[in-house]
Amino acid sequence: MSSKEKKKGALQEKLQLLRSVTHSHAVNKTSIIVDASKYIMELKQKVDARSQDVVEDSSVTMVTVETLEKGFLVNVLSEKSWPGLLVSILEAFEDLGLEVLDANVSCSDTFRLEAVGGENQAESVDAQMVRQAVLQAIKKCTEE
């Protein structure tokens, strides 16, 4: 078999595979590709619709951590408050060896926390570690 025939055979196999995946009844190459393009656009619309549903179902939570001279300023703002969320975040601080020096909390319908935490341990803790620990604490509460 020549190289040209092998390539043509491989192309035909790929077109048949594309035809079966996209549920196309077309027989020529151009129509198969057009059907595949339409199929991909339909899938994209479905993904976009599902993504929008997920965004509407979940609440928006923002966590920012600023490094201070001897500690961190942690801000958490969530559109929703969950039972045990404050306790979970404070446990995350404790696990990192951060002592809460000052805090303002509101957890009626929404959840808002502004806390200043100072390092209690000699080991180094950075803002990214604090942010990740707070996000894990939030995730733990929202999944229960």
# chains A, B, ... in the order shown; residues from 1 in each chain; ligands from 1

$ select_by_dssp --residues "segment 39-110 of chain A" --states "strand (DSSP E or B)" --output "list in words"
Thr61, Met62, Val63, Thr64, Val65, Glu66, Thr67, Leu68, Gly71, Phe72, Leu73, Val74, Asn75, Val76, Leu77, Ser78, Leu98, Glu99, Val100, Leu101, Asp102, Ala103, Asn104, Val105 and Ser106 of chain A

$ residues_around --residues "Glu66 of chain A" --least-positions-apart "6" --cutoff "10 Å" --atoms "only C-alpha atoms" --output "short mmCIF file (atom, residue, chain, number, x, y, z; two decimals) with N, CA, C and O atoms, in the first residue's frame"
data_model
loop_
_atom_site.label_atom_id
_atom_site.label_comp_id
_atom_site.auth_asym_id
_atom_site.auth_seq_id
_atom_site.Cartn_x
_atom_site.Cartn_y
_atom_site.Cartn_z
N PHE A 72 -1.26 39.10 60.15
CA PHE A 72 -2.05 39.19 58.94
C PHE A 72 -3.38 39.87 59.20
O PHE A 72 -3.95 39.75 60.28
N LEU A 73 -3.88 40.56 58.17
CA LEU A 73 -5.23 41.09 58.18
C LEU A 73 -6.04 40.21 57.23
O LEU A 73 -5.73 40.12 56.05
N VAL A 74 -7.03 39.52 57.78
CA VAL A 74 -7.82 38.57 57.00
C VAL A 74 -9.24 39.11 56.85
O VAL A 74 -9.88 39.47 57.84
N ASN A 75 -9.71 39.19 55.60
CA ASN A 75 -11.07 39.62 55.30
C ASN A 75 -11.79 38.48 54.58
O ASN A 75 -11.29 37.96 53.58
N VAL A 116 -7.44 40.38 62.68
CA VAL A 116 -6.00 40.59 62.70
C VAL A 116 -5.43 39.43 63.50
O VAL A 116 -5.79 39.23 64.66
N ASP A 126 2.98 32.28 55.57
CA ASP A 126 2.80 33.41 54.66
C ASP A 126 1.32 33.63 54.35
O ASP A 126 0.47 32.82 54.72
N ALA A 127 1.03 34.72 53.69
CA ALA A 127 -0.35 35.11 53.40
C ALA A 127 -1.07 34.06 52.56
O ALA A 127 -2.25 33.79 52.79
N GLN A 128 -0.38 33.45 51.62
CA GLN A 128 -0.99 32.43 50.78
C GLN A 128 -1.42 31.22 51.61
O GLN A 128 -2.47 30.64 51.39
N VAL A 130 -2.26 31.25 54.77
CA VAL A 130 -3.43 31.68 55.56
C VAL A 130 -4.67 31.64 54.68
O VAL A 130 -5.72 31.12 55.07
N ARG A 131 -4.56 32.19 53.48
CA ARG A 131 -5.71 32.23 52.56
C ARG A 131 -6.19 30.82 52.24
O ARG A 131 -7.39 30.53 52.27
#

$ closest_atom_pairs --of "segment 3-76 of chain A" --to "segment 89-111 of chain A" --cutoff "9 Å" --atoms "only C-alpha atoms" --output "JSON lines"
{"residue": "A:Thr61", "atom": "CA", "partner": "A:Phe111", "partner_atom": "CA", "distance": 8.9}
{"residue": "A:Gly71", "atom": "CA", "partner": "A:Leu98", "partner_atom": "CA", "distance": 7.8}
{"residue": "A:Phe72", "atom": "CA", "partner": "A:Leu98", "partner_atom": "CA", "distance": 8.8}
{"residue": "A:Val76", "atom": "CA", "partner": "A:Phe111", "partner_atom": "CA", "distance": 7.5}

$ write_last_selection --atoms "C-alpha atoms" --output "PDB file, in the first residue's frame"
ATOM      1  CA  THR A  61     -17.064  34.122  48.784  1.00  0.00           C
ATOM      2  CA  GLY A  71       0.768  39.007  61.452  1.00  0.00           C
ATOM      3  CA  PHE A  72      -2.047  39.192  58.936  1.00  0.00           C
ATOM      4  CA  VAL A  76     -13.789  37.110  54.458  1.00  0.00           C
TER       5      VAL A  76
END

$ atom_distance --atom1 "atom CA of Lys4 of chain A" --atom2 "atom CA of Ser37 of chain A"
26.8 Å

$ select_by_dssp --residues "segment 14-86 of chain A" --states "helix (DSSP H, G or I)" --output "count of residues only"
39

$ atom_distance --atom1 "atom CA of Ile40 of chain A" --atom2 "atom CA of Lys6 of chain A"
28.0 Å

$ closest_residue --among "A:Lys140, A:Ala36, A:Lys44, A:Lys29" --to "Glu13 of chain A" --atoms "only C-alpha atoms"
A:Lys29

$ atom_distance --atom1 "atom CA of Met62 of chain A" --atom2 "atom CA of Glu119 of chain A"
22.6 Å
